[in-house]
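Here's the structure we're looking at; comments come further down.
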Number of protein chains: 2
Amino acid sequence: MKSVDQLTEEFRANGLKVTPQRQSIFRALSGSSVHPTAEAVYALVSAEMPTISLRTVYQTLNDLASMGELSSLDIGSGSTRFDPNLEPHHHLVCTSCGRIDDVHTVFPGVDLPAASAAGFQITATEIVFRGRCADCASPATRSQQPNTGDTHA
Amino acid sequence: MKSVDQLTEEFRANGLKVTPQRQSIFRALSGSSVHPTAEAVYALVSAEMPTISLRTVYQTLNDLASMGELSSLDIGSGSTRFDPNLEPHHHLVCTSCGRIDDVHTVFPGVDLPAASAAGFQITATEIVFRGRCADCASPATRSQQPNTGDTHA
DNA sequence: TTGTCGATCAGCAAGAACTGCCGATAGAGT
DNA sequence: ACTCTATCGGCAGTTCTTGCTGATCGACAA
């Protein structure tokens, strides 16, 4: 995703103010390529700004998403995850702990023949690989509980 | 999906009773290859059995899913959809009206290189094509509202 | 520097989708 | 015929997300 400075510019250009809360959310997102839930972002930001409300986090996340600086994923885990990675890519989801990895492999063959498209105008192709991640698949007893969004990508 | 008779056998084999409610749900599902929500199944079954409870529909749908006679889809539309089609296939989702079509095309190239799998043991690969269906894309003003589960597949 | 208007806050509630609980009754299968 | 399961109504709880309100804070422009 873009840098904090770029996001600052972009918010101003859209007439949105760049508040400390929003800056903190920007930093939380631009750090690494995770796929946090809103709650996870809230937890991160709360550490340095304890009075921020969950409401504000949702608000800013949605602002970012509608500006196209973020995409939201729904991979069936109940809660929406936010993906700061703007490049086209796919996902690898652990069915056991909920961890999500990015897959940057390009699959050239995945185009729908016109015959199958039935008049659809396709705008996006998402591939989700599901399985068990190394931690969950290993015999050693590790974290088997669904985590809360800090996916190690 | 299997025939109503086969499902009846299978339920009995699992020690589950074949009640009129369940039979009606079987019929509602085995008709065509739609991807109904639980509410949609409820609506269908209610037509011929007005006293059935939504609770029972969820129950039976989950029974079928855990017996592997049905798979549940979460395409980010809020509610779970149930897919009676057991063959491996992919989906075409209209971002405008929520319609879901099946895609039976096989994509041979879609295997994740070991390098990208990061220790994941992949058990399923789902491809979702998103776009606008013919009805929603056409200039003529048609149904633009999200429908309730009666996807024409 | 000052003023304005947007952002944030707390806190509560609603909404959707789904599941749990209960006692009572109907009915499937043996 | 009998037993045990399924279903019923009906309500409440859960989780995730958004709406509302009025007051205050502060970013940004004049």
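Please note that chains go A, B, ... in the order of the structure tokens, that every chain numbers its residues from 1, and that ligands are numbered from 1 in the order shown.
Counting only C-alpha atoms (C1' of nucleotides), every residue of chain C that comes within 8 Å of chain A is listed here: DG6, DA7, DT8 and DC9 of chain C.
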Create the file for the chosen residues now, containing C-alpha atoms (C1' of nucleotides) and written as an mmCIF file, in the first residue's frame.
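Written output follows (result03.cif):
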```
data_model
loop_
_atom_site.group_PDB
_atom_site.id
_atom_site.type_symbol
_atom_site.label_atom_id
_atom_site.label_comp_id
_atom_site.auth_asym_id
_atom_site.auth_seq_id
_atom_site.Cartn_x
_atom_site.Cartn_y
_atom_site.Cartn_z
ATOM 1 C "C1'" DG C 6 -15.281 18.288 10.099
ATOM 2 C "C1'" DA C 7 -13.699 14.515 13.118
ATOM 3 C "C1'" DT C 8 -13.900 12.139 17.275
ATOM 4 C "C1'" DC C 9 -15.779 10.764 21.454
#
```
Tell me as a ChimeraX atom specification which residues belonging to chain A come within 6 Å of chain B, counting only C-alpha atoms.
/A:74,76,119-134
Select, as number ranges by chain, those residues of chain D with any atom no more than 9 Å from chain B (distances computed using only C-alpha atoms (C1' of nucleotides)).
D: 5-9
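When every C-alpha of chain B is superposed on its counterpart in chain A by least squares, the root-mean-square deviation equals 0.1 Å.
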What residues in chain B get the DSSP label strand (DSSP E)? Please answer as number ranges by chain.
B: 71-73, 81-83, 90-94, 100-103, 121-132
Could you write out that same residue set with N, CA and C atoms as an mmCIF file, in the first residue's frame?
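Output contents, as saved in part.cif:
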```
data_model
loop_
_atom_site.group_PDB
_atom_site.id
_atom_site.type_symbol
_atom_site.label_atom_id
_atom_site.label_comp_id
_atom_site.auth_asym_id
_atom_site.auth_seq_id
_atom_site.Cartn_x
_atom_site.Cartn_y
_atom_site.Cartn_z
ATOM 1 N N SER B 71 -22.341 -28.320 0.022
ATOM 2 C CA SER B 71 -21.255 -27.518 0.567
ATOM 3 C C SER B 71 -21.776 -26.108 0.791
ATOM 4 N N SER B 72 -21.187 -25.451 1.735
ATOM 5 C CA SER B 72 -21.642 -24.100 2.026
ATOM 6 C C SER B 72 -20.650 -23.100 1.451
ATOM 7 N N LEU B 73 -21.198 -22.076 0.859
ATOM 8 C CA LEU B 73 -20.399 -21.048 0.213
ATOM 9 C C LEU B 73 -20.508 -19.755 1.013
ATOM 10 N N ARG B 81 -24.537 -19.384 1.475
ATOM 11 C CA ARG B 81 -25.320 -20.042 0.445
ATOM 12 C C ARG B 81 -24.951 -21.502 0.405
ATOM 13 N N PHE B 82 -25.913 -22.330 0.054
ATOM 14 C CA PHE B 82 -25.704 -23.766 0.047
ATOM 15 C C PHE B 82 -25.662 -24.264 -1.385
ATOM 16 N N ASP B 83 -24.651 -25.060 -1.643
ATOM 17 C CA ASP B 83 -24.409 -25.510 -3.005
ATOM 18 C C ASP B 83 -24.602 -27.014 -3.100
ATOM 19 N N HIS B 90 -16.258 -23.959 -10.044
ATOM 20 C CA HIS B 90 -15.976 -22.616 -9.546
ATOM 21 C C HIS B 90 -17.213 -21.742 -9.714
ATOM 22 N N HIS B 91 -17.085 -20.484 -9.371
ATOM 23 C CA HIS B 91 -18.277 -19.637 -9.359
ATOM 24 C C HIS B 91 -18.076 -18.284 -10.022
ATOM 25 N N LEU B 92 -19.184 -17.816 -10.518
ATOM 26 C CA LEU B 92 -19.279 -16.560 -11.215
ATOM 27 C C LEU B 92 -20.306 -15.759 -10.420
ATOM 28 N N VAL B 93 -19.877 -14.641 -9.872
ATOM 29 C CA VAL B 93 -20.755 -13.906 -8.969
ATOM 30 C C VAL B 93 -21.049 -12.525 -9.543
ATOM 31 N N CYS B 94 -22.305 -12.184 -9.620
ATOM 32 C CA CYS B 94 -22.660 -10.842 -10.063
ATOM 33 C C CYS B 94 -22.574 -9.889 -8.881
ATOM 34 N N ILE B 100 -25.400 -16.116 -8.721
ATOM 35 C CA ILE B 100 -24.223 -16.973 -8.765
ATOM 36 C C ILE B 100 -24.416 -18.035 -9.833
ATOM 37 N N ASP B 101 -23.475 -18.107 -10.749
ATOM 38 C CA ASP B 101 -23.499 -19.168 -11.739
ATOM 39 C C ASP B 101 -22.368 -20.154 -11.459
ATOM 40 N N ASP B 102 -22.573 -21.381 -11.864
ATOM 41 C CA ASP B 102 -21.513 -22.367 -11.754
ATOM 42 C C ASP B 102 -20.590 -22.272 -12.959
ATOM 43 N N VAL B 103 -19.321 -22.561 -12.718
ATOM 44 C CA VAL B 103 -18.346 -22.630 -13.797
ATOM 45 C C VAL B 103 -17.704 -24.002 -13.722
ATOM 46 N N GLN B 121 -0.676 -27.218 3.452
ATOM 47 C CA GLN B 121 -1.195 -28.415 2.800
ATOM 48 C C GLN B 121 -2.543 -28.039 2.211
ATOM 49 N N ILE B 122 -2.551 -27.840 0.915
ATOM 50 C CA ILE B 122 -3.741 -27.296 0.292
ATOM 51 C C ILE B 122 -4.777 -28.371 0.036
ATOM 52 N N THR B 123 -5.980 -28.109 0.469
ATOM 53 C CA THR B 123 -7.044 -29.103 0.298
ATOM 54 C C THR B 123 -8.106 -28.653 -0.696
ATOM 55 N N ALA B 124 -8.161 -27.376 -0.993
ATOM 56 C CA ALA B 124 -9.198 -26.910 -1.904
ATOM 57 C C ALA B 124 -8.727 -25.647 -2.605
ATOM 58 N N THR B 125 -9.166 -25.500 -3.823
ATOM 59 C CA THR B 125 -8.862 -24.308 -4.597
ATOM 60 C C THR B 125 -10.168 -23.760 -5.141
ATOM 61 N N GLU B 126 -10.484 -22.565 -4.759
ATOM 62 C CA GLU B 126 -11.741 -21.954 -5.179
ATOM 63 C C GLU B 126 -11.442 -20.739 -6.028
ATOM 64 N N ILE B 127 -12.084 -20.674 -7.166
ATOM 65 C CA ILE B 127 -11.922 -19.499 -8.016
ATOM 66 C C ILE B 127 -13.258 -18.784 -8.091
ATOM 67 N N VAL B 128 -13.233 -17.517 -7.822
ATOM 68 C CA VAL B 128 -14.453 -16.714 -7.915
ATOM 69 C C VAL B 128 -14.231 -15.621 -8.950
ATOM 70 N N PHE B 129 -15.049 -15.642 -9.976
ATOM 71 C CA PHE B 129 -15.030 -14.582 -10.977
ATOM 72 C C PHE B 129 -16.113 -13.583 -10.585
ATOM 73 N N ARG B 130 -15.749 -12.346 -10.498
ATOM 74 C CA ARG B 130 -16.754 -11.339 -10.143
ATOM 75 C C ARG B 130 -16.978 -10.386 -11.301
ATOM 76 N N GLY B 131 -18.196 -9.991 -11.464
ATOM 77 C CA GLY B 131 -18.504 -9.066 -12.539
ATOM 78 C C GLY B 131 -19.985 -8.764 -12.528
ATOM 79 N N ARG B 132 -20.432 -8.233 -13.635
ATOM 80 C CA ARG B 132 -21.863 -7.934 -13.732
ATOM 81 C C ARG B 132 -22.501 -8.913 -14.699
#
```
Measure the distance from CA of Leu70 in chain B to C1' of DC16 in chain D in Å and round it to one decimal.
25.9 Å
d(CA of Asn85 in chain B, CA of Ser96 in chain A) in Å
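That distance, rounded to one decimal, is 24.4 Å.
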